[in-house]
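> Shown below is the structure under consideration.
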Amino acid sequence: MAKKRHKKRAKPGLPPGTLVYTGYRDAQQAEVRSLWYKDTEVVLRDHYDPSLRQRPDGTLWIDVNNLTDTALIARIGGDFGIHPLALEDVLDTQQRPKLEEYGQHLFLILPNLRFQADTLELLHEQVAVCIGKNFVISFQEDPDDTFKQVRTRNLDGLGIMRRKGPDYLAYALTDTVVDNYYLVLDDVETAMQGLEVEITESGATMTCKAKIFQFKRIISQLRHRVMPLRDATLRFYRTENPLIEDQNRLYLRDVTDHVAQILDGIETAREVLTNVEALYHAEVANRMNNVMRLLTVISTIFIPLSFVAGIYGMNFDNMPELHWRNGYFIVLGTMLLVMVGMLIYFRRKRWI
Amino acid sequence: MAKKRHKKRAKPGLPPGTLVYTGYRDAQQAEVRSLWYKDTEVVLRDHYDPSLRQRPDGTLWIDVNNLTDTALIARIGGDFGIHPLALEDVLDTQQRPKLEEYGQHLFLILPNLRFQADTLELLHEQVAVCIGKNFVISFQEDPDDTFKQVRTRNLDGLGIMRRKGPDYLAYALTDTVVDNYYLVLDDVETAMQGLEVEITESGATMTCKAKIFQFKRIISQLRHRVMPLRDATLRFYRTENPLIEDQNRLYLRDVTDHVAQILDGIETAREVLTNVEALYHAEVANRMNNVMRLLTVISTIFIPLSFVAGIYGMNFDNMPELHWRNGYFIVLGTMLLVMVGMLIYFRRKRWI
Amino acid sequence: MAKKRHKKRAKPGLPPGTLVYTGYRDAQQAEVRSLWYKDTEVVLRDHYDPSLRQRPDGTLWIDVNNLTDTALIARIGGDFGIHPLALEDVLDTQQRPKLEEYGQHLFLILPNLRFQADTLELLHEQVAVCIGKNFVISFQEDPDDTFKQVRTRNLDGLGIMRRKGPDYLAYALTDTVVDNYYLVLDDVETAMQGLEVEITESGATMTCKAKIFQFKRIISQLRHRVMPLRDATLRFYRTENPLIEDQNRLYLRDVTDHVAQILDGIETAREVLTNVEALYHAEVANRMNNVMRLLTVISTIFIPLSFVAGIYGMNFDNMPELHWRNGYFIVLGTMLLVMVGMLIYFRRKRWI
Amino acid sequence: MAKKRHKKRAKPGLPPGTLVYTGYRDAQQAEVRSLWYKDTEVVLRDHYDPSLRQRPDGTLWIDVNNLTDTALIARIGGDFGIHPLALEDVLDTQQRPKLEEYGQHLFLILPNLRFQADTLELLHEQVAVCIGKNFVISFQEDPDDTFKQVRTRNLDGLGIMRRKGPDYLAYALTDTVVDNYYLVLDDVETAMQGLEVEITESGATMTCKAKIFQFKRIISQLRHRVMPLRDATLRFYRTENPLIEDQNRLYLRDVTDHVAQILDGIETAREVLTNVEALYHAEVANRMNNVMRLLTVISTIFIPLSFVAGIYGMNFDNMPELHWRNGYFIVLGTMLLVMVGMLIYFRRKRWI
Amino acid sequence: MAKKRHKKRAKPGLPPGTLVYTGYRDAQQAEVRSLWYKDTEVVLRDHYDPSLRQRPDGTLWIDVNNLTDTALIARIGGDFGIHPLALEDVLDTQQRPKLEEYGQHLFLILPNLRFQADTLELLHEQVAVCIGKNFVISFQEDPDDTFKQVRTRNLDGLGIMRRKGPDYLAYALTDTVVDNYYLVLDDVETAMQGLEVEITESGATMTCKAKIFQFKRIISQLRHRVMPLRDATLRFYRTENPLIEDQNRLYLRDVTDHVAQILDGIETAREVLTNVEALYHAEVANRMNNVMRLLTVISTIFIPLSFVAGIYGMNFDNMPELHWRNGYFIVLGTMLLVMVGMLIYFRRKRWI
């Protein structure tokens, strides 16, 4: 689950390079799509077909959905000569975002996030992208296909993707993941505004407090995910690896810009949350103040009056006032006057 | 609106380079002015006239107001060979300030801010400046013309602008935007001083609290806008692009100095706000203390006296004091003495 | 004990290089194992046998458990030409993690941690690894053998260790220590979740407060241990020392990745703890509020009623109500109505 | 005034290089002193005399006091070929401290501070120093002559100044300004100690709170002034400009050391202030606690006793105790005992 | 005194290089020891003897205790050609730790600290070390000889010092000063643990608060002293000055390691102090809560009961209960029941 930040290795001391899927998704048939394209031609197969790689020119995109079939992953790794450590990272789904260079390949780890507004949870799916000389392999942990639109654009010949090589494809995949963050941020902020309204309207309940804690966790997770992503995209933009053509660097710069913008947005969201929390505390303090004020107003009015009543309840033989004709009414009237006077006084001080 | 820090892309997965205006301004006729000048001659046309570029020497300044006419933007982009990603940034009006180099052009994104004192809002307009070999194109999001004075100075031949090239013009535009921040900062500080007075005079109301939150948001926005602007102007000053003449670098250094000064000013404004908030809290705590003190004073004076009255209200057969001639008056006198004594005591302790 | 962060040198001014064991473990027979291996052959001796080093090719691994036998340490130091300062660091068991290069050798200090959930203590054992041309010497402070699994893997010929040299062995040892942190972090977080439950269920007791303090100490210790470890592993990965073969650097990069991930995890744990503490304070404040509310409700209901009772306890001669037939019942009824009304009022305000 | 951190430009959009004095000092006759010296000879004229520059060897020091005479400044700028942007900075008296290189000249902006203990204000005067091949021009904003002592030392032939060139003179001026900070810091700390005593002795009044705010402002201003000064002096020390002779760099290093020391001192002052503020809050909390304790002690003693008195004030027909001979005295005695017991109890708990 | 962080120059504007002792120690006869040694020979004179420098090979160590005799310092400076600015720093005893290179010499400023547990004060003594081609001069501010043990080791021929040159001697002196910090840190932490016990046992008194403030000051001082020391030792280790032999760099690296370790220790101490302070505040809050709870318990029990007593103290003619035979006892019994019930209720809520 996304809430688990660090994995528990099956057993410290296992030889590195052992392929174990560490995510929480249930075992399932992996969906694999093989898409080969060049400027004027596209071939799409709904299964794993490495033979497409033989074709001259063009770019092959293998898109793997669901990672529970480790045998398949191992086979792909073998077919395309992916380094065992990279394969291990594909399956170990709590990796930090990073760009790694393995001789022949570039290897990208990207966190794909989704915000579930009803449970205030941040769902995390790891996406790994391996870029080779004339191919790109993408590994998605979740069954729902994040890259559908990229594929459609390619099939429909929209944009310039078909005229470009694997570096542009990898850019397009990264851009899709990064663009997703805008949605996540928007959803988080909308949910926070809802909380703000809730606090103002129905008071500072313990539920609100709990929600504030959950938002804190979400924003902290967001930051932990996106911070290293900035480094990864920056290194993607700056790498001197010949797999990246210079003319495509502008696009990668654009992605790093977006990531920086998202980090700004996270910072802003955190400040908004700080304000929401301050509002909560102000609300709590306000209620407490009201409680104390009420206590004080009641006590200040009635304790002295009770004292006066106590005076005339004393049993001294010689208490002349008791025998006055209108003594009782005078005292009662005075008490009433004092009470009204105090109410006016407190009203002026805005206590009531 | 300026309150929205991060944009929502129409749809993640759209091919990059698609021109969509993402601001909130209503569609409107764009005002375009074409100003061509050299040392001894100025030509101003109140429409878009790329033909002026053919003239030998001189600098052409195209100034576009209002960005809703994307077709026009695309046409200008085509005429001057601006990179599609740059054009996209012109229209995507929540870009971070930045300087980007696109082969033939330098491309500047500047945030122009205005503070609306009555609603405590920070309005944001994106200004984009594209610098080419013998031209400058400025894109202003808002209809009100920020660069009017620069144009007037040019037309009147004031300063040295007419003797300089496009780099100096771009500097003049940047300087105008940056100088605006001094006004914004001043307005914000004036408004904060007003709040300070309000807190001291009319007490710590919930309205004050709300205003403090708004100021926090404003200062955070200011910082988020100006922080990357510092990098942008620094890179403008340091770029080795041949579009910038070395003798004009001193001016760009001056601008970076101003931005640094503004950042200092924002920092100061934040500290002032922290103090205002502390004042608010001190005021709240003070009122609470007063409430508690009043409660304590009243209770401490009357609870013991009520007890004494209660004593003499008991119905024991044998209570000698009750039958004393002046028992009542003695008790009453003693109570009065105690009361006065306590009032003096509390006065000395400065509780009342 | 692990709680002691900085050592007390026996006496400032001692000549450097003096071998003194500064840990707290009791003197004990050191267990030493000598393991020599090459691709096709393994020799394991359960004692210190430097003669194995004479064999051509292969790698010799001397594994020393328990450091109280300083004479033996000195002898090993002499046999393998280890620098006196390095030997001193082996025995001074509160060293910061570091990688140092001593001409012929690389020298690694690693902190091995264990979390004791029942006492909320973080136990620390220092592990030193000395890498030479064809040997690795590991010094473990604790008797329980952390590296058992590495040895087993080597003996069983699992993984690729037997085909690699001392640099890979040193990597395997480091990886074992680093992997251990995942367990520690998991245990700490589990314990913190237990505390969270405890606070919610049995209220904010002083025991909870004490536990929060202990967790703070633990997380601070963790950070202090792992922070310099990052530098150490980074330098291990980047060192240009010929003892490290270039093809093995990928493995070292993997270790630095893990350390970065652990630092993230520690950061997360700290944020979780912050939330637990905030929960504690919210719970404390909540209880206090309940106390104050109860006081206020009781006072607000009964003080005015008592006043009324006091009124009719006065002894004036002329108090007509007293002589009404149903005066008593009318007053009693009114009081009851007021009481019920107030209870409804407070219930609506959610005070009771 | 020094309280105004950022200037308001007369009008954004003014051509740069326009000379406007932006300080708050009243227009006044500028005092100018021209001092020419070499190893064996000194000439001092109490007016502006650029002709001294013609003399072979030697150094000319023009010292300008008061900047309201912009015509004079412009004339000096023309005579010595000072860049317009530098001249503008001389007059714009809220510049950040900086060192700038303008081809032939080095240009230093230094903030000279003075602490006014009675009003708790930090007064700021801008000092600009322009260093040329054989001259130094210093511009002081304030009429009171900060550099008097440097001049006297020069005239009296004290120290080594007469044997050195303009770089040493500039160093001497900078050193004088920097040394001044020690006095400011000392005065600020003395004033803070006074506040500490005031809080302890006369309690936490609102005046104290206000003073704490003022000190915060002062320390923040100090830091804002000195922070960039460190960069400026560092660049002064490291510049490779031929105007600085290598043998004089040691002196400049000394100045940067002093600035670092002052920054340390400011940091310390800030921590002292934090402690003063904590003391204030402790004092406030302490007083509140005393209030609450008094309330509780009084209530806890008298409310139960009043209840007992109330019991025996009931009018039941059959209340045997009322008819006991010593009933009243027994009850009175018991009450007294309870009261004394409680007082002892509270005394033991150190509540009274 | 050590509490004074920044010096007050006698008078800003004094020519630099003037020798004035700025410490607080009383004028006193300086103790000087001259120790000359080479591998096989040692000569110790208990006075200043520069003639020993004439001897071929070997290292001369001049150790000066007490700095009030400025004439002697000046003479030594002259004999060994020490730069005036360095001499000034020797006497100006509030210098920041630093390493400076003056052509022929290396010059080290080291802060030697001592913690006085009874007054919770941190005493500071400045130690300056000047390293030349075949000599080392150490200046100690305090009369008590910190370097006694180094001398003894040298005289006894312990360690390798006699075989090494002045760089090793300087290392040994630095190491002695640095090792001292371990003692200081230990003493500070022991004292803090004492405070922790005091708070838990005798409650949160104002004395504890004062001590917490003092510890804050101490830790801040420690950090201010050791932070620049790290830079100084790092520069000592890295300097390419030929006075340092490459084979001795390992020792200097060791010292920088120790300083880093001490900084860690200071950080830990600060966290411990934060916990102590939190404990203090928890204790204060706890006591306050107890106060409030007592008030609430007493009020909640007795105010309603008093009301009931008030009811039956009313003087209505027609109050049937008053005439019941056992009315009084029924009411008394009911009150007792209510009281017991409430006590049980509060006990269950753990309020009493």
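Convention: chains lettered A, B, ... in structure tokens order; per-chain residue numbering from 1; ligands numbered from 1 as shown.
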Mind dumping a table of every chain E residue within 6 Å of chain C, with the nearest atom pair and its distance in Å to one decimal, using only C-alpha atoms, sorted by chain and rising number, as a tab-separated table?

residue	atom	partner	partner_atom	distance
E:Gln149	CA	C:Gly13	CA	5.7
E:Gly159	CA	C:Pro15	CA	5.7
E:Thr176	CA	C:Gly13	CA	5.3
E:Asp179	CA	C:Pro12	CA	5.3
E:Tyr182	CA	C:Lys8	CA	5.9
E:Thr296	CA	C:Leu295	CA	5.2
E:Pro304	CA	C:Phe302	CA	6.0
E:Phe307	CA	C:Ser306	CA	4.8
E:Gly310	CA	C:Ala309	CA	5.3
E:Ile311	CA	C:Ala309	CA	5.3
E:Gly313	CA	C:Gly313	CA	5.4
E:Met314	CA	C:Gly313	CA	3.9
E:Asn315	CA	C:Gly313	CA	5.4
E:Phe316	CA	C:Leu322	CA	4.3
E:Asp317	CA	C:His323	CA	5.5
> Apply DSSP to the backbone of this structure and, from segment 109-236 of chain E, keep only the residues in helix (DSSP H, G or I); write these as a PyMOL selection string.
chain E and resi 148-156+161-163+166-202+206-236
> Report, in Å with one decimal, the straight-line distance from atom CA of Glu201 of chain D to atom CA of Glu196 of chain E.
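Computed distance, atom CA of Glu201 of chain D to atom CA of Glu196 of chain E, equals 27.4 Å.
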> What lies within 8 Å of Leu263 of chain A using only C-alpha atoms, ignoring chain neighbours under 6 positions off, as an MDAnalysis selection string?
chainID A and resid 223 226:227
> Could you write out that same residue set with all heavy atoms as an mmCIF file, in the first residue's frame?

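Output saved as again_18.cif:
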data_model
loop_
_atom_site.group_PDB
_atom_site.id
_atom_site.type_symbol
_atom_site.label_atom_id
_atom_site.label_comp_id
_atom_site.auth_asym_id
_atom_site.auth_seq_id
_atom_site.Cartn_x
_atom_site.Cartn_y
_atom_site.Cartn_z
ATOM 1 N N ARG A 223 5.783 15.140 -1.081
ATOM 2 C CA ARG A 223 7.105 15.745 -1.134
ATOM 3 C C ARG A 223 8.200 14.683 -1.254
ATOM 4 O O ARG A 223 9.140 14.821 -2.031
ATOM 5 C CB ARG A 223 7.347 16.606 0.101
ATOM 6 C CG ARG A 223 8.136 17.860 -0.199
ATOM 7 C CD ARG A 223 7.924 18.859 0.892
ATOM 8 N NE ARG A 223 7.917 18.220 2.176
ATOM 9 C CZ ARG A 223 9.005 18.032 2.938
ATOM 10 N NH1 ARG A 223 10.171 18.476 2.536
ATOM 11 N NH2 ARG A 223 8.909 17.447 4.097
ATOM 12 N N VAL A 226 8.186 13.460 -4.875
ATOM 13 C CA VAL A 226 8.510 14.373 -5.982
ATOM 14 C C VAL A 226 9.921 14.941 -5.849
ATOM 15 O O VAL A 226 10.579 15.233 -6.832
ATOM 16 C CB VAL A 226 7.459 15.499 -6.068
ATOM 17 C CG1 VAL A 226 7.774 16.446 -7.193
ATOM 18 C CG2 VAL A 226 6.081 14.908 -6.266
ATOM 19 N N MET A 227 10.394 15.097 -4.586
ATOM 20 C CA MET A 227 11.738 15.654 -4.391
ATOM 21 C C MET A 227 12.790 14.887 -5.190
ATOM 22 O O MET A 227 13.520 15.490 -5.982
ATOM 23 C CB MET A 227 12.075 15.619 -2.895
ATOM 24 C CG MET A 227 12.986 16.722 -2.468
ATOM 25 S SD MET A 227 12.222 18.360 -2.700
ATOM 26 C CE MET A 227 12.185 18.943 -1.017
#
> Name all residues at most 8 Å from Pro111 of chain B (count only C-alpha atoms; drop same-chain ones fewer than 4 positions away) and give them as a list of chain:residue names.
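Residues near the query, excluding close chain neighbours: B:Arg96, B:Pro97, B:His124, B:Glu125, B:Gln126, B:Val127, B:Val177, B:Arg225.
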> Report as a count of residues only: the residues of segment 134-334 of chain E with a DSSP assignment of strand (DSSP E), based on the backbone of this structure.
6
> Identify, on the basis of only C-alpha atoms, every residue whose closest approach to Leu113 of chain B does not exceed 8 Å; exclude the query and any residue fewer than 5 positions from it along the same chain; express the result as a list in words.
Leu122, Leu123, His124, Glu125, Asn180, Tyr181 and Val184 of chain B
> Could you pull the residues within 12 Å of Thr40 of chain C, counting only C-alpha atoms, minus those fewer than 6 positions along the same chain, as number ranges by chain?
C: 57-59, 154-157, 160-164
